[in-house]
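> coords27.cif is reproduced below (mmCIF, C-alpha atoms).
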data_upload
loop_
_atom_site.label_atom_id
_atom_site.label_comp_id
_atom_site.auth_asym_id
_atom_site.auth_seq_id
_atom_site.Cartn_x
_atom_site.Cartn_y
_atom_site.Cartn_z
CA GLN A 416 0.00 0.00 0.00
CA SER A 417 2.95 2.32 0.53
CA THR A 418 3.91 1.68 -3.09
CA TRP A 419 0.39 2.28 -4.36
CA ALA A 420 0.07 5.55 -2.47
CA PHE A 421 3.48 6.91 -3.46
CA GLU A 422 3.22 5.93 -7.13
CA THR A 423 -0.34 7.23 -7.52
CA GLY A 424 0.53 10.41 -5.68
CA MET A 425 3.61 11.07 -7.80
CA LYS A 426 1.60 10.64 -11.00
CA ARG A 427 -1.13 12.97 -9.72
CA LEU A 428 1.54 15.56 -8.98
CA GLY A 429 2.76 15.29 -12.57
CA GLY A 430 5.88 13.30 -11.82
CA HIS A 431 7.16 9.86 -12.71
CA SER A 432 8.17 6.94 -10.53
CA MET A 433 9.89 3.59 -10.90
CA TYR A 434 9.49 0.63 -8.54
CA PHE A 435 12.34 -1.71 -7.71
CA ALA A 436 11.44 -4.96 -5.94
CA PRO A 437 13.89 -6.50 -3.45
CA SER A 438 14.81 -9.09 -6.09
CA ASP A 439 15.75 -6.31 -8.54
CA ILE A 440 18.46 -4.86 -6.32
CA GLY A 441 19.34 -7.32 -3.57
CA LEU A 442 20.03 -4.41 -1.22
CA GLY A 443 23.05 -5.16 0.93
CA LYS A 444 23.45 -8.60 -0.68
CA ARG A 445 23.96 -8.45 -4.43
CA GLU A 446 24.90 -4.78 -4.28
CA GLU A 447 26.27 -2.54 -1.53
CA VAL A 448 23.69 -0.16 -0.05
CA ARG A 449 26.02 2.83 -0.49
CA ASP A 450 26.50 1.98 -4.18
CA VAL A 451 22.74 1.82 -4.73
CA ALA A 452 22.32 5.18 -3.00
CA ARG A 453 25.00 6.86 -5.10
CA VAL A 454 23.62 5.59 -8.40
CA LEU A 455 19.90 6.15 -7.76
CA SER A 456 20.47 9.66 -6.43
CA ARG A 457 22.04 10.61 -9.80
CA PHE A 458 18.90 9.48 -11.64
CA TYR A 459 16.06 10.60 -9.35
CA ASP A 460 14.94 13.63 -7.33
CA VAL A 461 13.87 11.60 -4.30
CA ILE A 462 14.28 8.01 -3.09
CA VAL A 463 11.42 6.28 -1.25
CA ALA A 464 12.70 3.23 0.60
CA ARG A 465 10.62 0.53 2.24
CA VAL A 466 13.07 -1.87 3.86
CA HIS A 467 13.30 -4.33 6.71
CA ALA A 468 16.68 -3.40 8.16
CA HIS A 469 16.62 0.17 9.45
CA GLU A 470 20.40 0.40 9.07
CA HIS A 471 19.95 0.03 5.30
CA LEU A 472 17.73 3.09 5.33
CA GLN A 473 20.31 5.05 7.32
CA GLU A 474 23.07 4.04 4.93
CA LEU A 475 20.97 5.05 1.92
CA ALA A 476 20.40 8.48 3.45
CA CYS A 477 24.08 8.83 4.34
CA HIS A 478 25.31 8.25 0.77
CA SER A 479 22.45 9.73 -1.29
CA ARG A 480 22.61 13.13 -2.99
CA VAL A 481 18.82 13.47 -2.78
CA PRO A 482 16.28 13.10 0.06
CA VAL A 483 15.47 9.56 1.21
CA ILE A 484 11.94 9.01 2.57
CA ASN A 485 11.40 6.20 5.06
CA ALA A 486 8.36 4.32 3.75
CA LEU A 487 8.79 1.71 6.52
CA SER A 488 11.54 -0.13 8.35
CA ASN A 489 11.62 -2.65 11.17
CA TYR A 490 12.28 0.29 13.51
CA ASN A 491 9.58 2.84 12.62
CA HIS A 492 6.95 3.94 10.11
CA PRO A 493 6.90 7.77 9.99
CA CYS A 494 4.79 8.18 6.84
CA GLN A 495 2.01 6.14 8.45
CA ILE A 496 2.07 8.11 11.69
CA MET A 497 2.00 11.45 9.89
CA SER A 498 -1.02 10.41 7.83
CA ASP A 499 -2.68 9.07 11.00
CA LEU A 500 -2.23 12.49 12.57
CA LEU A 501 -4.05 13.95 9.56
CA THR A 502 -6.90 11.42 9.87
CA ILE A 503 -7.42 11.99 13.59
CA SER A 504 -7.39 15.77 13.07
CA GLU A 505 -10.03 15.42 10.35
CA LYS A 506 -12.30 13.04 12.25
CA LEU A 507 -12.10 14.27 15.84
CA LYS A 508 -11.20 17.93 15.23
CA PRO A 509 -9.18 18.51 18.43
CA PRO A 510 -8.42 22.17 19.24
CA SER A 511 -4.73 21.74 18.46
CA LEU A 512 -3.41 18.68 16.61
CA LEU A 513 -3.99 15.84 19.14
CA GLU A 514 -4.56 17.93 22.24
CA GLY A 515 -6.91 16.13 24.64
CA ILE A 516 -6.89 12.92 22.56
CA LYS A 517 -6.28 9.48 24.07
CA VAL A 518 -4.91 6.88 21.66
CA VAL A 519 -4.88 3.23 22.69
CA TYR A 520 -2.77 1.00 20.49
CA VAL A 521 -3.61 -2.72 20.68
CA GLY A 522 -1.16 -5.05 19.03
CA ASP A 523 2.47 -6.05 18.70
CA CYS A 524 4.88 -3.48 20.19
CA ASN A 525 6.48 -2.91 16.81
CA ASN A 526 7.58 -0.10 14.50
CA MET A 527 4.15 1.55 14.81
CA VAL A 528 4.50 1.85 18.57
CA THR A 529 7.93 3.39 18.12
CA SER A 530 6.45 5.89 15.67
CA TRP A 531 3.68 6.83 18.12
CA LEU A 532 6.33 7.35 20.80
CA HIS A 533 8.35 9.56 18.47
CA LEU A 534 5.21 11.60 17.78
CA ALA A 535 4.71 11.96 21.55
CA THR A 536 7.99 13.89 21.73
CA ARG A 537 6.53 16.53 19.40
CA VAL A 538 2.77 16.61 19.90
CA LYS A 539 0.78 16.60 23.14
CA PHE A 540 -1.62 13.68 23.58
CA HIS A 541 -2.17 10.56 25.71
CA PHE A 542 -0.74 7.36 24.27
CA VAL A 543 -1.19 3.86 25.67
CA ALA A 544 0.55 0.85 24.13
CA ALA A 545 -1.36 -2.30 25.10
CA CYS A 546 0.74 -5.40 24.43
CA PRO A 547 0.71 -8.85 26.12
CA ALA A 548 3.15 -9.28 28.99
CA SER A 549 4.73 -12.34 27.37
CA LEU A 550 5.89 -10.34 24.33
CA ASP A 551 8.53 -7.66 23.92
CA PRO A 552 7.66 -4.25 25.44
CA PRO A 553 7.91 -0.99 23.46
CA ASP A 554 11.36 0.06 22.33
CA ARG A 555 13.05 1.17 25.55
CA GLU A 556 14.94 4.09 24.04
CA ALA A 557 11.88 5.48 22.26
CA PHE A 558 9.73 5.06 25.38
CA ALA A 559 12.32 6.79 27.56
CA MET A 560 12.68 9.60 25.02
CA ALA A 561 8.91 10.20 25.03
CA LYS A 562 8.92 10.26 28.84
CA ARG A 563 11.87 12.68 28.98
CA ALA A 564 10.25 15.05 26.50
CA GLY A 565 7.49 15.69 29.04
CA ILE A 566 4.99 16.69 26.37
CA SER A 567 2.67 13.70 26.27
CA THR A 568 1.47 11.06 28.68
CA VAL A 569 2.78 7.66 27.56
CA GLU A 570 1.97 4.29 29.10
CA HIS A 571 2.59 0.60 28.52
CA ILE A 572 -0.20 -1.71 29.72
CA THR A 573 -0.42 -5.49 29.45
CA ASP A 574 -4.23 -5.71 29.81
CA PHE A 575 -5.81 -3.90 26.86
CA ARG A 576 -9.26 -3.78 28.45
CA LYS A 577 -7.91 -1.64 31.29
CA ALA A 578 -6.50 0.79 28.73
CA LEU A 579 -9.73 1.30 26.77
CA PRO A 580 -11.93 3.50 29.03
CA GLY A 581 -11.90 7.06 27.73
CA ALA A 582 -10.07 6.22 24.50
CA ASP A 583 -10.79 8.51 21.57
CA VAL A 584 -8.85 6.31 19.16
CA VAL A 585 -8.48 2.53 19.27
CA TYR A 586 -5.60 1.63 16.99
CA SER A 587 -5.34 -1.98 15.85
CA ASP A 588 -2.40 -3.66 14.17
CA VAL A 589 -1.33 -7.16 13.23
CA TRP A 590 -0.33 -9.54 16.00
CA THR A 591 2.89 -10.49 14.22
CA SER A 592 4.87 -7.79 12.43
CA MET A 593 6.32 -7.92 8.95
CA GLY A 594 9.61 -9.79 8.86
CA PHE A 595 8.84 -11.78 12.01
CA LYS A 596 6.41 -14.38 10.65
CA ASP A 597 8.39 -17.15 12.33
CA GLN A 598 6.82 -15.90 15.56
CA VAL A 599 3.20 -16.27 14.41
CA GLU A 600 2.33 -19.24 16.63
CA ALA A 601 3.68 -17.68 19.82
CA HIS A 602 2.07 -14.32 19.09
CA ASN A 603 -1.32 -15.83 18.27
CA ALA A 604 -1.26 -17.60 21.63
CA ALA A 605 -0.25 -14.42 23.48
CA PHE A 606 -3.02 -12.39 21.83
CA GLU A 607 -5.79 -14.92 22.48
CA GLY A 608 -8.91 -12.90 23.39
CA TRP A 609 -7.45 -9.59 22.16
CA THR A 610 -9.59 -9.22 19.02
CA ILE A 611 -11.13 -5.76 18.61
CA THR A 612 -14.90 -6.18 18.20
CA PRO A 613 -17.81 -3.73 18.47
CA GLU A 614 -18.27 -4.98 22.05
CA VAL A 615 -14.63 -4.20 22.84
CA LEU A 616 -14.98 -0.73 21.31
CA ALA A 617 -17.94 -0.10 23.63
CA LEU A 618 -15.55 -0.41 26.59
CA THR A 619 -14.20 3.04 25.78
CA GLY A 620 -17.49 4.50 27.03
CA LYS A 621 -17.52 6.90 24.08
CA ALA A 622 -19.76 6.59 21.03
CA SER A 623 -17.37 8.99 19.27
CA THR A 624 -14.39 6.61 19.52
CA ILE A 625 -12.85 5.84 16.14
CA LEU A 626 -11.18 2.61 15.07
CA MET A 627 -7.97 2.78 13.06
CA HIS A 628 -5.77 0.13 11.47
CA CYS A 629 -2.60 0.70 9.42
CA LEU A 630 -3.40 -2.29 7.17
CA PRO A 631 -3.20 -4.91 5.89
CA ALA A 632 -5.66 -6.34 8.40
CA GLU A 633 -6.00 -9.99 9.32
CA ARG A 634 -9.73 -10.04 9.93
CA GLY A 635 -10.83 -12.39 12.67
CA ARG A 636 -7.53 -12.02 14.49
CA GLU A 637 -6.61 -8.51 15.65
CA VAL A 638 -9.90 -7.02 14.42
CA SER A 639 -13.30 -8.52 13.68
CA ASP A 640 -15.10 -8.05 10.38
CA ALA A 641 -17.95 -6.31 12.21
CA ALA A 642 -15.58 -3.78 13.79
CA ILE A 643 -13.57 -2.85 10.69
CA GLU A 644 -16.77 -2.57 8.63
CA GLY A 645 -18.66 -0.80 11.42
CA PRO A 646 -19.64 2.85 11.87
CA GLN A 647 -16.67 3.64 14.14
CA SER A 648 -14.11 2.48 11.59
CA VAL A 649 -12.21 5.20 9.70
CA VAL A 650 -9.77 2.72 8.19
CA TRP A 651 -10.51 3.52 4.54
CA ASP A 652 -10.19 7.29 4.99
CA GLN A 653 -7.01 6.54 6.93
CA ALA A 654 -5.66 4.56 3.98
CA GLU A 655 -6.52 7.35 1.52
CA ASN A 656 -4.77 9.91 3.68
CA ARG A 657 -1.51 8.02 3.21
CA MET A 658 -1.47 9.31 -0.36
CA HIS A 659 -2.33 12.90 0.59
CA MET A 660 0.30 13.10 3.33
CA GLN A 661 2.92 11.43 1.17
CA ASN A 662 2.13 13.88 -1.64
CA ALA A 663 2.91 16.67 0.78
CA LEU A 664 6.22 15.02 1.68
CA LEU A 665 7.15 14.58 -1.98
CA LEU A 666 6.36 18.21 -2.75
CA HIS A 667 8.34 19.39 0.26
CA PHE A 668 11.46 17.38 -0.46
CA VAL A 669 11.48 17.75 -4.25
CA ASN A 670 10.95 21.51 -4.05
CA HIS A 671 13.57 21.83 -1.33
CA THR A 672 16.10 19.88 -3.41
CA ARG A 673 15.50 21.96 -6.52
CA LEU A 674 15.67 25.26 -4.63
CA ALA A 675 18.92 24.17 -3.04
#
For the file at hand, write its structure as structure tokens.

Amino acid sequence: QSTWAFETGMKRLGGHSMYFAPSDIGLGKREEVRDVARVLSRFYDVIVARVHAHEHLQELACHSRVPVINALSNYNHPCQIMSDLLTISEKLKPPSLLEGIKVVYVGDCNNMVTSWLHLATRVKFHFVAACPASLDPPDREAFAMAKRAGISTVEHITDFRKALPGADVVYSDVWTSMGFKDQVEAHNAAFEGWTITPEVLALTGKASTILMHCLPAERGREVSDAAIEGPQSVVWDQAENRMHMQNALLLHFVNHTRLA
């Protein structure tokens, strides 16, 4: 979906894009990351990289002549979190960005949790990461950084039902993150009973609560069909906003590069 949004957005902006699959480049295997960065940055105005290893992204940025946009890594997912900020602002209309908003994330403590914690160092809101006790907690450095910033309230809770009262946003994500599918069995067992349903959403005590999911969704696991198709779901507007936010990023970086 990152590819769809970026390619469609670039075409709508009047530009042109090319997609390279992992098998086309063999990043860090068939060809050195720094060599790929040096060559691509002589052909293109911006590089959008969706990788597993975050260090590959850092090396691309280090050796590229043009901006490198992080479309996802195993560490964080900034494009998603920026578009989520846009969606929440549109749907809940807080007085200032996320001021007064409580976001409860239910799922694997993965790159999305790290991105929410990074956002908490910049924008004031209440963030709760609800993850089973038997699985890894949120990234310690990111959690500590959000705490030190003193801007937002951040919590880690191992019983998601205790986190839900008062939530304005219930954010669902897959139980096993991309690149870690060898852990599916253990994660499915840990998340037993954690499916977001309309009945679970009712535990927030707010009819205005919205349900979000960064997709792709595994219906019947982290979220029920009734919930994602229900009136509180804003998932499809959320998905569309990926393109709009990423268009803004492309415009910003391409214009900045050309002006420089």
> I need the residue set behind the PyMOL selection byres ((chain A and resi 471-480) around 10) for this file; please write it as JSON, numbers by chain.
{"A": [442, 443, 447, 448, 449, 450, 451, 452, 453, 454, 455, 456, 457, 459, 460, 461, 462, 463, 464, 465, 466, 467, 468, 469, 470, 481, 482, 483, 484, 485, 486, 487, 488, 672]}
> Would you list the contacts of Leu428 in chain A as a PyMOL selection string, taking every protein, DNA or RNA residue within 10 Å and counting all atoms listed in the file, but skipping same-chain residues closer than 4 positions in sequence?
chain A and resi 422-424+662-663+665-666
> Using the selection just defined, write its residues with C-alpha atoms as an mmCIF file, in the frame of the given file.

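In the end it all went to part08.cif:
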data_model
loop_
_atom_site.group_PDB
_atom_site.id
_atom_site.type_symbol
_atom_site.label_atom_id
_atom_site.label_comp_id
_atom_site.auth_asym_id
_atom_site.auth_seq_id
_atom_site.Cartn_x
_atom_site.Cartn_y
_atom_site.Cartn_z
ATOM 1 C CA GLU A 422 3.220 5.930 -7.130
ATOM 2 C CA THR A 423 -0.340 7.230 -7.520
ATOM 3 C CA GLY A 424 0.530 10.410 -5.680
ATOM 4 C CA ASN A 662 2.130 13.880 -1.640
ATOM 5 C CA ALA A 663 2.910 16.670 0.780
ATOM 6 C CA LEU A 665 7.150 14.580 -1.980
ATOM 7 C CA LEU A 666 6.360 18.210 -2.750
#
> I need the residue nearest Arg634 in chain A from this list: A:Thr529, A:Thr573, A:Gln598, A:Thr612. Use only C-alpha atoms for the distance.
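Result for the nearest residue to Arg634 in chain A: A:Thr612.
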> So, with all atoms listed in the file as the atoms that count, which of A:Ile516, A:Leu579, A:Val638, A:Met627 lies closest to Trp651 in chain A?
A:Met627
> CA of Ala632 in chain A and CA of Val589 in chain A are how many Å apart?
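Here the two named atoms are 6.5 Å from each other.
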